[in-house]
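File shown: run_15.tsv. Contents: TSV, C-alpha atoms.
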```tsv
chain	number	residue	atom	x	y	z
A	26	MET	CA	84.94	88.49	90.82
A	27	LEU	CA	86.49	88.02	87.40
A	28	GLN	CA	84.34	86.80	84.57
A	29	LEU	CA	85.41	83.80	82.50
A	30	GLY	CA	85.61	85.95	79.40
A	31	ASP	CA	87.90	88.55	80.98
A	32	ASP	CA	91.36	88.87	79.42
A	33	VAL	CA	91.36	85.50	77.70
A	34	SER	CA	94.52	86.62	75.91
A	35	LEU	CA	96.36	86.98	79.25
A	36	TYR	CA	95.66	83.41	80.30
A	37	SER	CA	96.27	82.16	76.79
A	38	VAL	CA	99.74	83.72	76.74
A	39	VAL	CA	100.56	82.20	80.13
A	40	PHE	CA	99.30	78.80	78.97
A	41	VAL	CA	101.33	78.87	75.74
A	42	VAL	CA	104.55	80.11	77.40
A	43	VAL	CA	104.38	77.45	80.12
A	44	LEU	CA	103.48	74.82	77.52
A	45	LEU	CA	106.54	75.70	75.43
A	46	ALA	CA	108.75	75.62	78.53
A	47	THR	CA	107.42	72.44	80.13
A	48	ARG	CA	105.79	70.56	77.24
A	49	SER	CA	103.04	69.74	79.75
A	50	PRO	CA	99.43	70.78	79.04
A	51	VAL	CA	98.56	69.84	82.62
A	52	TRP	CA	101.08	72.22	84.19
A	53	SER	CA	100.15	74.94	81.70
A	54	GLY	CA	96.49	74.66	82.64
A	55	VAL	CA	97.29	74.57	86.36
A	56	LEU	CA	99.46	77.70	86.26
A	57	ALA	CA	97.01	79.62	84.07
A	58	GLY	CA	94.23	78.61	86.48
A	59	CYS	CA	96.32	79.70	89.48
A	60	LEU	CA	96.83	83.11	87.88
A	61	TYR	CA	93.09	83.42	87.34
A	62	LEU	CA	92.35	82.51	90.96
A	63	PHE	CA	95.07	84.86	92.22
A	64	LEU	CA	93.58	87.83	90.38
A	65	ALA	CA	90.07	86.86	91.41
A	66	MET	CA	91.04	86.74	95.08
A	67	PHE	CA	93.52	89.59	95.45
A	68	ARG	CA	92.69	92.23	92.84
A	69	PHE	CA	91.07	95.55	93.73
A	70	PRO	CA	88.09	96.72	91.64
A	71	GLN	CA	88.27	100.02	89.79
A	72	LEU	CA	86.50	102.93	91.41
A	73	PRO	CA	83.49	104.61	89.74
A	74	ALA	CA	84.21	106.35	86.45
A	75	SER	CA	82.49	109.52	87.66
A	76	ARG	CA	85.03	109.98	90.44
A	77	ALA	CA	87.96	109.33	88.12
A	78	ARG	CA	86.69	111.90	85.59
A	79	GLN	CA	86.09	114.43	88.35
A	80	VAL	CA	89.75	114.22	89.39
A	81	LEU	CA	91.40	113.80	85.98
A	82	HIS	CA	89.28	116.42	84.25
A	83	PRO	CA	87.75	118.70	86.91
A	84	VAL	CA	87.16	121.79	84.79
A	85	GLY	CA	84.46	120.30	82.57
A	86	SER	CA	84.06	119.43	78.93
A	87	GLY	CA	85.69	121.72	76.39
A	88	LYS	CA	88.09	123.28	78.90
A	89	VAL	CA	91.74	122.62	79.66
A	90	SER	CA	92.97	121.29	83.02
A	91	VAL	CA	96.42	122.68	83.85
A	92	VAL	CA	98.42	120.67	86.40
A	93	ALA	CA	101.69	122.18	87.69
A	94	HIS	CA	104.56	119.67	87.78
A	95	ARG	CA	106.31	119.51	91.17
A	96	GLY	CA	103.95	122.20	92.34
A	97	GLY	CA	105.09	124.52	89.54
A	98	GLY	CA	108.86	124.28	89.87
A	99	HIS	CA	109.70	126.60	86.98
A	100	ASP	CA	108.25	129.81	88.39
A	101	ALA	CA	108.99	129.07	92.07
A	102	PRO	CA	111.06	126.55	94.05
A	103	GLU	CA	109.65	123.08	93.34
A	104	ASN	CA	107.44	121.35	95.91
A	105	THR	CA	107.00	124.42	98.09
A	106	ILE	CA	104.03	126.40	99.38
A	107	ALA	CA	105.19	129.37	97.29
A	108	ALA	CA	105.07	127.24	94.14
A	109	ILE	CA	101.56	125.97	94.95
A	110	ARG	CA	100.25	129.49	95.53
A	111	LEU	CA	101.87	130.84	92.38
A	112	ALA	CA	100.55	127.91	90.31
A	113	SER	CA	97.03	128.71	91.49
A	114	LYS	CA	97.55	132.41	90.76
A	115	ASN	CA	98.75	131.55	87.25
A	116	GLY	CA	95.60	129.56	86.50
A	117	ALA	CA	96.53	125.97	87.36
A	118	SER	CA	93.63	123.68	88.22
A	119	GLY	CA	95.91	121.21	90.01
A	120	VAL	CA	99.42	120.39	91.19
A	121	GLU	CA	101.66	117.32	91.21
A	122	LEU	CA	103.42	116.90	94.56
A	123	ASP	CA	106.32	114.54	95.36
A	124	LEU	CA	106.09	112.67	98.66
A	125	GLU	CA	109.17	111.72	100.65
A	126	PHE	CA	110.03	111.21	104.33
A	127	SER	CA	112.56	112.65	106.78
A	128	ALA	CA	114.75	110.46	108.98
A	129	ASP	CA	112.19	110.68	111.80
A	130	GLY	CA	109.29	109.70	109.54
A	131	VAL	CA	107.74	113.10	108.84
A	132	PRO	CA	106.05	113.16	105.39
A	133	ILE	CA	107.39	116.09	103.36
A	134	LEU	CA	107.48	117.41	99.80
A	135	MET	CA	110.73	116.48	98.04
A	136	HIS	CA	111.50	114.90	94.69
A	137	ASP	CA	115.00	113.55	95.33
A	138	GLU	CA	116.35	111.20	97.99
A	139	SER	CA	118.81	113.93	99.02
A	140	VAL	CA	118.57	117.68	99.60
A	141	ASP	CA	121.64	118.56	97.53
A	142	ARG	CA	119.98	119.55	94.24
A	143	THR	CA	117.35	121.98	95.54
A	144	THR	CA	118.53	123.34	98.91
A	145	ASN	CA	121.58	124.85	100.63
A	146	GLY	CA	122.06	121.62	102.56
A	147	SER	CA	123.65	118.27	101.82
A	148	GLY	CA	122.81	114.68	102.68
A	149	LEU	CA	120.19	112.00	102.33
A	150	LEU	CA	116.66	112.55	103.60
A	151	SER	CA	116.91	109.23	105.43
A	152	GLN	CA	119.68	110.73	107.57
A	153	ILE	CA	118.19	114.17	108.32
A	154	ARG	CA	115.47	114.84	110.89
A	155	TYR	CA	112.66	117.21	110.00
A	156	ALA	CA	113.80	119.77	112.59
A	157	ASP	CA	117.01	120.14	110.57
A	158	LEU	CA	115.26	119.98	107.18
A	159	SER	CA	113.01	122.85	108.24
A	160	LYS	CA	116.07	125.10	108.60
A	161	LEU	CA	117.16	124.65	104.97
A	162	ASP	CA	116.47	127.14	102.17
A	163	ALA	CA	114.40	125.32	99.51
A	164	ALA	CA	115.04	128.17	97.05
A	165	ALA	CA	118.84	128.06	97.25
A	166	LYS	CA	119.38	126.42	93.85
A	167	HIS	CA	116.36	127.88	92.02
A	168	ARG	CA	116.78	130.39	89.18
A	169	LEU	CA	114.68	132.90	91.19
A	170	ARG	CA	116.47	132.22	94.47
A	171	ASP	CA	116.64	135.89	95.44
A	172	LYS	CA	112.88	136.34	95.07
A	173	PHE	CA	112.06	133.25	97.13
A	174	ALA	CA	114.96	133.29	99.59
A	175	GLY	CA	114.15	131.49	102.83
A	176	GLU	CA	111.35	129.30	101.41
A	177	LYS	CA	111.04	126.15	103.53
A	178	ILE	CA	110.56	122.47	102.78
A	179	PRO	CA	106.87	121.94	103.62
A	180	ARG	CA	105.30	119.06	105.48
A	181	LEU	CA	102.83	117.09	103.39
A	182	GLU	CA	99.89	118.19	105.50
A	183	GLN	CA	100.80	121.87	105.09
A	184	ALA	CA	100.84	121.49	101.31
A	185	VAL	CA	97.58	119.55	101.22
A	186	GLU	CA	95.76	122.10	103.34
A	187	GLU	CA	97.03	124.88	101.07
A	188	CYS	CA	95.78	122.99	97.99
A	189	ILE	CA	92.37	122.44	99.59
A	190	LYS	CA	92.13	126.14	100.42
A	191	LEU	CA	93.01	127.03	96.82
A	192	GLN	CA	90.67	124.30	95.44
A	193	LEU	CA	93.46	122.58	93.51
A	194	THR	CA	93.41	118.97	92.34
A	195	ILE	CA	96.37	117.02	93.76
A	196	TYR	CA	98.47	114.35	92.04
A	197	PHE	CA	100.44	112.67	94.85
A	198	ASP	CA	103.63	111.20	93.32
A	199	VAL	CA	104.92	108.59	95.76
A	200	LYS	CA	108.58	107.64	95.24
A	201	GLY	CA	108.71	104.68	97.62
A	202	HIS	CA	108.12	103.78	101.26
A	203	PRO	CA	104.82	101.99	100.52
A	204	ASP	CA	103.85	101.34	104.15
A	205	GLU	CA	104.69	104.81	105.42
A	206	ALA	CA	103.17	106.55	102.40
A	207	ALA	CA	99.92	104.58	102.58
A	208	ALA	CA	99.55	105.32	106.29
A	209	ALA	CA	100.32	109.04	105.92
A	210	LEU	CA	98.03	109.53	102.93
A	211	SER	CA	95.19	107.49	104.41
A	212	ALA	CA	95.30	109.63	107.54
A	213	LEU	CA	95.05	112.77	105.40
A	214	TYR	CA	92.10	111.37	103.42
A	215	LYS	CA	90.26	110.60	106.65
A	216	LYS	CA	91.01	114.07	108.06
A	217	HIS	CA	90.11	115.81	104.77
A	218	PRO	CA	87.40	113.74	102.99
A	219	VAL	CA	87.32	116.28	100.15
A	220	LEU	CA	90.51	114.60	98.89
A	221	TYR	CA	88.55	111.54	97.74
A	222	ASN	CA	87.15	113.60	94.86
A	223	THR	CA	90.03	116.01	94.32
A	224	SER	CA	93.20	113.90	94.32
A	225	ILE	CA	94.89	110.77	92.96
A	226	VAL	CA	97.87	108.77	94.25
A	227	CYS	CA	100.49	107.89	91.60
A	228	SER	CA	103.70	105.87	91.62
A	229	PHE	CA	106.18	104.03	89.39
A	230	GLU	CA	106.12	101.20	91.92
A	231	PRO	CA	103.11	98.83	91.76
A	232	LYS	CA	103.68	97.80	95.38
A	233	VAL	CA	103.06	101.41	96.47
A	234	ILE	CA	99.72	101.51	94.64
A	235	TYR	CA	98.68	98.06	95.87
A	236	LYS	CA	99.51	99.01	99.47
A	237	MET	CA	97.54	102.25	99.10
A	238	ARG	CA	94.46	100.39	97.85
A	239	HIS	CA	94.89	97.80	100.63
A	240	THR	CA	95.07	100.55	103.27
A	241	ASN	CA	92.25	102.63	101.82
A	242	ALA	CA	90.43	101.09	98.85
A	243	GLN	CA	88.45	104.27	98.16
A	244	VAL	CA	91.49	106.30	97.08
A	245	LEU	CA	91.91	106.88	93.34
A	246	THR	CA	95.24	105.60	92.05
A	247	ALA	CA	97.40	105.59	88.90
A	248	LEU	CA	100.50	103.72	87.77
A	249	THR	CA	103.29	105.82	86.28
A	250	HIS	CA	105.22	104.08	83.51
A	251	ARG	CA	108.15	104.93	81.26
A	252	PRO	CA	109.08	102.14	78.83
A	253	TRP	CA	112.70	100.94	79.17
A	254	SER	CA	113.06	102.64	82.57
A	255	LEU	CA	114.97	99.68	84.06
A	256	SER	CA	117.62	99.48	81.34
A	257	ARG	CA	117.90	103.07	80.09
A	258	PHE	CA	118.05	106.60	81.45
A	259	GLY	CA	115.52	109.25	80.48
A	260	ASP	CA	117.68	110.36	77.54
A	261	GLY	CA	117.76	106.81	76.15
A	262	SER	CA	121.36	106.00	77.06
A	263	PRO	CA	122.11	102.57	78.60
A	264	ARG	CA	122.19	102.36	82.40
A	265	TYR	CA	124.86	99.65	82.61
A	266	GLN	CA	128.24	99.06	81.00
A	267	SER	CA	127.99	95.31	81.52
A	268	LEU	CA	126.48	93.84	78.35
A	269	TRP	CA	124.80	90.89	80.05
A	270	LYS	CA	123.28	93.10	82.74
A	271	GLN	CA	122.05	95.61	80.17
A	272	ASN	CA	120.45	92.86	78.09
A	273	TRP	CA	118.90	91.24	81.15
A	274	LEU	CA	117.32	94.52	82.28
A	275	THR	CA	116.11	95.13	78.73
A	276	LEU	CA	114.31	91.79	78.91
A	277	MET	CA	112.87	92.78	82.30
A	278	ASP	CA	111.65	96.04	80.74
A	279	ILE	CA	109.72	94.03	78.15
A	280	VAL	CA	108.19	91.87	80.89
A	281	LEU	CA	107.30	94.95	82.97
A	282	ASP	CA	105.69	96.67	79.99
A	283	TRP	CA	103.61	93.56	79.28
A	284	ALA	CA	102.66	93.34	82.96
A	285	HIS	CA	101.47	96.96	83.01
A	286	HIS	CA	99.17	96.35	80.06
A	287	HIS	CA	97.82	92.94	81.06
A	288	LEU	CA	98.25	92.34	84.79
A	289	LEU	CA	99.27	95.15	87.13
A	290	TRP	CA	96.46	97.58	86.24
A	291	LYS	CA	93.91	94.85	86.96
A	292	LEU	CA	95.58	93.71	90.18
A	293	CYS	CA	95.80	97.24	91.60
A	294	GLY	CA	92.47	98.44	90.20
A	295	ILE	CA	93.98	101.70	88.99
A	296	SER	CA	92.00	104.45	87.30
A	297	ALA	CA	94.75	105.83	85.03
A	298	PHE	CA	98.22	105.37	83.56
A	299	LEU	CA	100.67	108.26	83.70
A	300	VAL	CA	103.11	108.18	80.78
A	301	GLN	CA	105.79	110.59	79.58
A	302	LYS	CA	105.00	112.76	76.59
A	303	ASN	CA	107.97	111.43	74.59
A	304	PHE	CA	106.27	108.01	74.43
A	305	VAL	CA	103.16	109.09	72.53
A	306	SER	CA	104.07	106.76	69.66
A	307	HIS	CA	104.31	103.91	72.17
A	308	LEU	CA	100.73	104.69	73.22
A	309	SER	CA	99.61	104.47	69.62
A	310	CYS	CA	101.11	100.98	69.27
A	311	HIS	CA	100.12	99.83	72.75
A	312	PRO	CA	97.00	101.74	73.87
A	313	PRO	CA	95.99	101.49	77.53
A	314	PRO	CA	93.60	98.67	78.47
A	315	GLN	CA	89.89	99.23	77.96
A	316	GLY	CA	88.52	101.37	80.75
A	317	LEU	CA	91.75	103.23	81.56
A	318	CYS	CA	92.93	106.74	80.85
A	319	ALA	CA	96.47	107.53	79.69
A	320	VAL	CA	97.71	110.85	81.08
A	321	LEU	CA	100.86	112.48	79.74
A	322	GLU	CA	103.56	113.89	81.98
A	323	PRO	CA	106.84	115.71	81.22
A	324	GLU	CA	110.18	113.95	81.18
A	325	GLY	CA	112.97	114.53	83.68
A	326	GLY	CA	112.88	118.32	84.09
A	327	GLY	CA	111.19	119.87	87.06
A	328	GLY	CA	109.85	122.99	85.43
A	329	ASP	CA	107.21	121.74	83.01
A	330	CYS	CA	103.54	122.06	83.75
A	331	LEU	CA	101.00	119.51	82.64
A	332	ASP	CA	98.13	120.63	80.48
A	333	ARG	CA	95.50	117.87	80.21
A	334	LYS	CA	92.65	118.09	77.75
A	335	GLN	CA	90.06	115.71	76.33
A	336	TRP	CA	90.51	115.50	72.56
A	337	ARG	CA	88.32	112.91	70.83
A	338	GLY	CA	90.08	110.01	72.51
A	339	GLU	CA	93.41	110.74	70.79
A	340	THR	CA	96.75	111.85	72.18
A	341	THR	CA	97.96	115.07	70.57
A	342	LEU	CA	100.75	117.49	71.31
A	343	PRO	CA	101.29	121.17	70.54
A	344	GLY	CA	104.63	122.47	69.26
A	345	ALA	CA	107.75	120.80	70.64
A	346	SER	CA	108.86	124.04	72.27
A	347	GLU	CA	105.75	124.20	74.43
A	348	SER	CA	105.50	122.45	77.78
A	349	ARG	CA	101.73	121.97	77.67
A	350	LEU	CA	100.40	118.47	77.16
A	351	HIS	CA	97.14	116.77	76.24
A	352	HIS	CA	95.79	113.46	77.54
A	353	ARG	CA	93.57	110.75	76.19
A	354	GLN	CA	89.88	110.98	76.78
A	355	PRO	CA	88.78	108.32	79.32
A	356	CYS	CA	88.15	105.08	77.48
A	357	GLY	CA	84.88	103.24	77.91
A	358	GLY	CA	83.96	103.14	81.57
A	359	LEU	CA	87.38	104.56	82.58
```

Encoding of this model in C-alpha cells:
Amino acid sequence: MLQLGDDVSLYSVVFVVVLLATRSPVWSGVLAGCLYLFLAMFRFPQLPASRARQVLHPVGSGKVSVVAHRGGGHDAPENTIAAIRLASKNGASGVELDLEFSADGVPILMHDESVDRTTNGSGLLSQIRYADLSKLDAAAKHRLRDKFAGEKIPRLEQAVEECIKLQLTIYFDVKGHPDEAAAALSALYKKHPVLYNTSIVCSFEPKVIYKMRHTNAQVLTALTHRPWSLSRFGDGSPRYQSLWKQNWLTLMDIVLDWAHHHLLWKLCGISAFLVQKNFVSHLSCHPPPQGLCAVLEPEGGGGDCLDRKQWRGETTLPGASESRLHHRQPCGGL
C-alpha cells in the first residue's frame, strides 16, 4: 500500500495541471485522489534488492559484468546458439536475447519483425511457421557467414537451456506480444526456477512488463527507454514529414518521459531502467527514481556488447571508439 508521503510531487503536478485546465479545486482533488487509489490498488511492489543486484551485477563487487548484445551479434550471427556459446567463451557473464514469435506461436530468438535482414529468407515472422523458419540460414547476412553457414534460428527454450548450462545471466528483450510473451516466459521460469535469480525481462512497452508481473509477480523486470523515441529515429532525425504530427509526437515523448520517471516504474514495480549510452547526459539531468538502477545499452547496432560495472553511483563511459559500457550503482534499496 502506498504511503501518504510517497511521491507528493506526482499528485501535486496532477492537481495543478487539472486545476489550470478546469479551474475547479474539487475536480483537481478528485482526480489526484483517483490516481493515488489507482496506484495503491493496481501497482506491483518491487522485488527484493538482493535479487536485483544478483542479476544486474552477478560477478561481485570490483569486477565487470559483460553482457553480450543480441547474444553477441558481432562475433557470430545474432540471437543464435553459436553466438551464445562464443559469448561465453569470450568471457561474457550474460547475454541479451530478443524474443519474437512465429506464425504458429512458437517463441523464437529474433530482433526484427521480418527475417530479411539476418537470414536467406524473406517475409514477416507473423506469416511464417516455425517449421519453415527452422530451414533458414541465420548466418546468411553476417560478416562471418562462411564460418557459421547453416546456423539456425533457435527456439527460446533452446537458447535458455544453453544459457543455463553456460551459467549466463539472461536479459530477455520482449518486442511485443504481451500475452504470448508473458505465458511463454512464465512457463520457462516454472520449468527452470534458476531463472528467477539469473534473468530479467525487459521491454520498451510498459504493457509487456505489467502483463509479465501480472502473470508471474516474482520475475525481475526492467523498462527500456530512449527519450524522443516516438518522434525521432535513433540518429535523431524526425520520424514524420507532417509538422503537426511531428510536434504532437514530440509532446507525447515529453509525457512518456515524465511517466517513466514518475508513474510507470511504480505501477509496474520494475527493478531497473535500461537506457541507451548516448543519453548519459539525460540521466544526469533526470536521474532514475530513488531505488532504481539505470543500465546502459548500445544504440541501434547489433554488434555491441554491454559492459556493466558499479562505479561510485555515477555513469561513466570509456573512449567513444569502445563498445563497453558502465552502469549506475543501484540506488538506495534498488

> If you measure from CA of Asn145 in chain A to CA of Asn115 in chain A, what distance in Å do you get, rounded to one decimal?
Replying inline: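 Calculated distance between CA of Asn145 in chain A and CA of Asn115 in chain A is 27.3 Å.
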
>> If we count all atoms listed in the file and set the cut-off at 10 Å, which residues sit around range 179-195 of chain A, ignoring sequence neighbours fewer than 6 positions away in its own chain? Please answer as a PyMOL selection string.
In response: chain A and resi 79-83+90-93+96+104-107+109-110+112-114+117-127+131-135+155+158-159+163+209-210+212-213+217+219-220+222-226

> Any idea what the distance is between CA of Ala208 in chain A and CA of Val244 in chain A?
Replying inline: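 Here the two named atoms are 12.3 Å from each other.
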
>> Taking 4 positions as the minimum chain separation for residues in the same chain, which residues sit within 7 Å of Arg68 in chain A when counting all atoms listed in the file? Answer as a PyMOL selection string.
In response: chain A and resi 64+291-294

> Need the neighbours of (107.1, 107.8, 92.8): which residues are at most 12 Å away, counting all atoms listed in the file, as a PyMOL selection string?
Replying inline: chain A and resi 95+121-125+134-138+196-203+206+226-234+247-251+299

> Near Asp204 in chain A, counting all atoms listed in the file, which residues have an atom at most 9 Å away, once you skip same-chain residues fewer than 6 positions from it, shown as a list in words?
Replying inline: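 What passes the distance filter is Val233, Lys236, Met237 and Thr240 of chain A.
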
>> Within 12 Å of (113.6, 132.0, 91.8) in the file's own coordinates, which protein, DNA or RNA residues have an atom, counting all atoms listed in the file? List them as a PyMOL selection string.
In response: chain A and resi 97-103+105+107-108+111+143+162-176+328

What does the file look like for those residues with C-alpha atoms, as a PDB file, in the coordinates of the input?
```pdb
ATOM      1  CA  GLY A  97     105.090 124.520  89.540  1.00  0.00           C
ATOM      2  CA  GLY A  98     108.860 124.280  89.870  1.00  0.00           C
ATOM      3  CA  HIS A  99     109.700 126.600  86.980  1.00  0.00           C
ATOM      4  CA  ASP A 100     108.250 129.810  88.390  1.00  0.00           C
ATOM      5  CA  ALA A 101     108.990 129.070  92.070  1.00  0.00           C
ATOM      6  CA  PRO A 102     111.060 126.550  94.050  1.00  0.00           C
ATOM      7  CA  GLU A 103     109.650 123.080  93.340  1.00  0.00           C
ATOM      8  CA  THR A 105     107.000 124.420  98.090  1.00  0.00           C
ATOM      9  CA  ALA A 107     105.190 129.370  97.290  1.00  0.00           C
ATOM     10  CA  ALA A 108     105.070 127.240  94.140  1.00  0.00           C
ATOM     11  CA  LEU A 111     101.870 130.840  92.380  1.00  0.00           C
ATOM     12  CA  THR A 143     117.350 121.980  95.540  1.00  0.00           C
ATOM     13  CA  ASP A 162     116.470 127.140 102.170  1.00  0.00           C
ATOM     14  CA  ALA A 163     114.400 125.320  99.510  1.00  0.00           C
ATOM     15  CA  ALA A 164     115.040 128.170  97.050  1.00  0.00           C
ATOM     16  CA  ALA A 165     118.840 128.060  97.250  1.00  0.00           C
ATOM     17  CA  LYS A 166     119.380 126.420  93.850  1.00  0.00           C
ATOM     18  CA  HIS A 167     116.360 127.880  92.020  1.00  0.00           C
ATOM     19  CA  ARG A 168     116.780 130.390  89.180  1.00  0.00           C
ATOM     20  CA  LEU A 169     114.680 132.900  91.190  1.00  0.00           C
ATOM     21  CA  ARG A 170     116.470 132.220  94.470  1.00  0.00           C
ATOM     22  CA  ASP A 171     116.640 135.890  95.440  1.00  0.00           C
ATOM     23  CA  LYS A 172     112.880 136.340  95.070  1.00  0.00           C
ATOM     24  CA  PHE A 173     112.060 133.250  97.130  1.00  0.00           C
ATOM     25  CA  ALA A 174     114.960 133.290  99.590  1.00  0.00           C
ATOM     26  CA  GLY A 175     114.150 131.490 102.830  1.00  0.00           C
ATOM     27  CA  GLU A 176     111.350 129.300 101.410  1.00  0.00           C
ATOM     28  CA  GLY A 328     109.850 122.990  85.430  1.00  0.00           C
TER      29      GLY A 328
END
```

Determine the axis-aligned bounding box of all atoms of range 99-108 of chain A present in the file, pad each side by 3 Å, and express its centre and edge lengths in Å to one decimal place as AutoDock Vina command-line options.
```
--center_x 107.5 --center_y 125.6 --center_z 93.2 --size_x 13.0 --size_y 14.5 --size_z 18.4
```

>> Between CA of Leu245 in chain A and CA of Gly259 in chain A, what is the distance in Å, rounded to a tenth?
In response: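 Calculated distance between CA of Leu245 in chain A and CA of Gly259 in chain A is 27.0 Å.
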
Complete range 203-220 of chain A at the level of N, CA, C and O atoms, written as a CSV table (one decimal), keeping the file's coordinate frame.
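part-v4.csv written:
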```csv
chain,number,residue,atom,x,y,z
A,203,PRO,N,106.3,102.3,100.7
A,203,PRO,CA,104.8,102.0,100.5
A,203,PRO,C,104.0,102.0,101.8
A,203,PRO,O,102.9,102.5,101.9
A,204,ASP,N,104.6,101.4,102.9
A,204,ASP,CA,103.8,101.3,104.2
A,204,ASP,C,103.7,102.7,104.8
A,204,ASP,O,102.6,103.1,105.2
A,205,GLU,N,104.8,103.5,104.8
A,205,GLU,CA,104.7,104.8,105.4
A,205,GLU,C,103.8,105.8,104.6
A,205,GLU,O,103.0,106.5,105.2
A,206,ALA,N,103.9,105.7,103.3
A,206,ALA,CA,103.2,106.6,102.4
A,206,ALA,C,101.7,106.2,102.5
A,206,ALA,O,100.8,107.2,102.6
A,207,ALA,N,101.3,105.0,102.5
A,207,ALA,CA,99.9,104.6,102.6
A,207,ALA,C,99.3,105.0,103.9
A,207,ALA,O,98.2,105.5,103.9
A,208,ALA,N,100.1,104.9,105.0
A,208,ALA,CA,99.6,105.3,106.3
A,208,ALA,C,99.4,106.8,106.4
A,208,ALA,O,98.3,107.3,106.8
A,209,ALA,N,100.4,107.6,105.9
A,209,ALA,CA,100.3,109.0,105.9
A,209,ALA,C,99.2,109.6,105.0
A,209,ALA,O,98.4,110.5,105.5
A,210,LEU,N,99.1,109.1,103.8
A,210,LEU,CA,98.0,109.5,102.9
A,210,LEU,C,96.6,109.1,103.4
A,210,LEU,O,95.7,109.9,103.4
A,211,SER,N,96.5,107.9,103.9
A,211,SER,CA,95.2,107.5,104.4
A,211,SER,C,94.7,108.4,105.6
A,211,SER,O,93.5,108.7,105.6
A,212,ALA,N,95.7,108.7,106.4
A,212,ALA,CA,95.3,109.6,107.5
A,212,ALA,C,94.8,111.0,107.0
A,212,ALA,O,93.9,111.6,107.6
A,213,LEU,N,95.5,111.5,106.0
A,213,LEU,CA,95.0,112.8,105.4
A,213,LEU,C,93.7,112.7,104.7
A,213,LEU,O,92.9,113.6,104.9
A,214,TYR,N,93.4,111.6,104.1
A,214,TYR,CA,92.1,111.4,103.4
A,214,TYR,C,91.0,111.3,104.5
A,214,TYR,O,89.9,111.8,104.3
A,215,LYS,N,91.3,110.7,105.6
A,215,LYS,CA,90.3,110.6,106.6
A,215,LYS,C,90.1,112.0,107.3
A,215,LYS,O,88.9,112.3,107.7
A,216,LYS,N,91.1,112.7,107.4
A,216,LYS,CA,91.0,114.1,108.1
A,216,LYS,C,90.4,115.1,107.1
A,216,LYS,O,89.6,116.0,107.5
A,217,HIS,N,90.6,114.9,105.8
A,217,HIS,CA,90.1,115.8,104.8
A,217,HIS,C,89.4,115.0,103.7
A,217,HIS,O,89.9,114.7,102.6
A,218,PRO,N,88.1,114.6,103.9
A,218,PRO,CA,87.4,113.7,103.0
A,218,PRO,C,87.3,114.3,101.6
A,218,PRO,O,87.0,113.6,100.6
A,219,VAL,N,87.4,115.7,101.5
A,219,VAL,CA,87.3,116.3,100.2
A,219,VAL,C,88.4,115.7,99.2
A,219,VAL,O,88.2,115.7,98.0
A,220,LEU,N,89.4,115.1,99.7
A,220,LEU,CA,90.5,114.6,98.9
A,220,LEU,C,90.1,113.4,98.0
A,220,LEU,O,90.6,113.1,97.0
```
